[in-house]
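Comments concern the structure below.
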Amino acid sequence: MRRWRSGRGHATALAIRLTGASRAGARLARRVPEPWPYLLGLFLGAKLLLTLVGLLVLHAWEGIPGAPPADEALMWTQQREVSGHRWISFWFAWDALLYLRLSELPLTGPWRDFGFPLLYPFLARPVGALLGGDNALALLLISNVAFLLALWYGHRLAELLLGDPDAARRFTRYLVLLPTAFLFQAALTESLFVCLALAAFYYAERRRWLLVGVLGYFLAMSRSVGLLVALPLALVLLRQHDWRLGPRALLGYLRIGWPLLLLPAGWFTFMAFCHWQGGGWFAYQHAQQAGWGIRVQNPVPVLWGGLTGQPQDAGRVWFAVAVLAVLAAGFRRRELAYLVYGVLVVLVPLSMGPPVYRSLLRYLLAAFPVALVLARWARRATIDVWLTATLALVQGVLFVLWLTYWTHMII
């Protein structure tokens with residue numbers, strides 16, 4: 001009887017401690033300002049789910065004849081060299097391995113790698129030094145921190161544009177559920193680019209143009225299309241002043257919006273680096289053409305050629321058509337800048353020609369205004385539930401394909 005009472009006493013004490021801990025956790029959660037609890041839940045939930053699914057898929061794939069495919073065997077070997085932990089190494093595929101190499105190349109001596117803008121891999125150098133020289137972990141850390149910040153800036157921007165906290169939550173959820181949004185967590189430039197773009201538009205809406213210019217400078221150094229984001233940002237400035245034109249109005253725009261000149265300055269900085277390293281001012285263009293057969297051309301014939309070409313190319317291009325259709329259907333005059341931005345990030349990759357088909361689904365991830373349109377359309381709970389489930393299913397299928405045979409379909 002005494003033992004039973006003693007055990008009961010211990011159980012009661014444990015229950016009291018657990019209750020106290022839960023109350024302390026609840027108090028701590030209440031101290032975290034909105035919308036961080038929701039955003040952290042989205043971020044951590046996506047991270048945990050994708051990690052578990054990835055490990056299960058790769059475990060199930062082992063031992064199957066033809067796995068890995070012949071054209072991806074080298075990449076899988078390189079992944080194992082990055083890390084012995086599969087939950088880290090599977091986030092490095094194709095371009096991610098090149099970014100890792102760029103983050104480790106010495107700046108002394110000849111430089112021959114001009115095919116990629118260098119903001120992302122160069123950020124990994126100081127971060128990697130803080131992590132004991134682990135640049136692979138640094139690249140993943142940068143991507144994931146940028147992803148989390150992108151959710152915050154996206155939520156704040158959606159509140160301004162949609163005027164509804166619930167719609168802002170839907171926007172961030174759809175941003176996490178876009179078909180290839182799992183790449184936000186990979187060692188790629190997508191999360192950094194989208195974070196900088198969302199931040200630039202958010203501060204443009206707040207009329208903080210110097211900060212917009214600074215962010216735009218780094219945006220242009222992260223991907224080549226970043227230079228062109230100056231156009232939709234300028235449309236935000238025009239809208240804020242009722243689209244007035246004329247000499248006096250133009251002088252006013254120049255006085256207020258001069259920081260937008262920092263976007264071309266960002267790309268010019270990369271060109272200057274290429275020139276300094278002996279590749280010439282247009283080394284990026286030459287490297288893209290020589291390495292991947294990319295040359296600038298009319299995107300419309302490229303789009304049509306993809307739709308009428310190989311089935312795998314048509315499948316990718318239909319995603320681009322769907323993005324353009326959603327942007328056009330959800331267009332509002334006040335959001336002209338976001339329509340132009342979305343069209344740019346779709347058509348600019350297509351202007352690179354047929355070689356871009358392999359990476360088109362990855363490039364489409366930058367079209368965040370799609371999530372704004374979907375958030376507005378999904379005001380009814382039923383639509384929201386079905387749309388969430390559909391996006392999650394499509395992303396799940398593409399994630400499995402990315403992990404197995406069809407990496408080339410997305411990167």
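Just so we're on the same page: first chain in the structure tokens is A, next is B, and so on; residues restart at 1 for each chain, and ligands are numbered from 1 in the order they show up.
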
So which residues of segment 185-393 of chain A fall under helix (DSSP H, G or I) by DSSP, listed as a VMD selection string?
chain A and resid 185 190 to 205 209 to 222 224 to 240 247 to 276 283 to 292 299 to 307 311 to 329 333 to 350 354 to 366 369 to 377 381 to 393

Got a sec: who's within 12 Å of Pro121 of chain A, counting only C-alpha atoms, leaving out chain neighbours fewer than 6 positions off, as a VMD selection string?
chain A and resid 95 to 105 113 127 to 128 135 to 143 187 to 189 192 221 to 223

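The space between atom CA of Ser351 of chain A and atom CA of Gln297 of chain A spans 5.0 Å.
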
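Here atom CA of Ala337 of chain A is placed at a distance of 25.0 Å from atom CA of Val356 of chain A.
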
Surrounding residues of segment 271-286 of chain A excluding itself and chain neighbours under 6 positions, 6 Å, only C-alpha atoms, as a PDB file with N, CA and C atoms, in the first residue's frame:
```pdb
ATOM      1  N   TRP A 111      40.613  32.218 -62.467  1.00  0.00           N
ATOM      2  CA  TRP A 111      39.197  31.929 -62.178  1.00  0.00           C
ATOM      3  C   TRP A 111      38.504  31.670 -63.507  1.00  0.00           C
ATOM      4  N   PHE A 114      32.603  31.328 -64.600  1.00  0.00           N
ATOM      5  CA  PHE A 114      31.858  32.581 -64.768  1.00  0.00           C
ATOM      6  C   PHE A 114      30.374  32.344 -65.050  1.00  0.00           C
ATOM      7  N   GLY A 115      29.905  31.108 -64.971  1.00  0.00           N
ATOM      8  CA  GLY A 115      28.540  30.799 -65.399  1.00  0.00           C
ATOM      9  C   GLY A 115      27.467  31.022 -64.353  1.00  0.00           C
TER      10      GLY A 115
END
```

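In this model, the gap between atom CA of Gly342 of chain A and atom CA of Pro264 of chain A comes to 19.3 Å.
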
Could you check which of A:Leu175, A:Leu48, A:Val212, A:Ala320 is closest to Leu391 of chain A, using only C-alpha atoms?
A:Leu175

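For the residues A:Arg112, A:Trp267, A:Gly396, A:Trp386, ranking by smallest atom-to-atom distance to Ala287 of chain A using only C-alpha atoms places A:Arg112 first.
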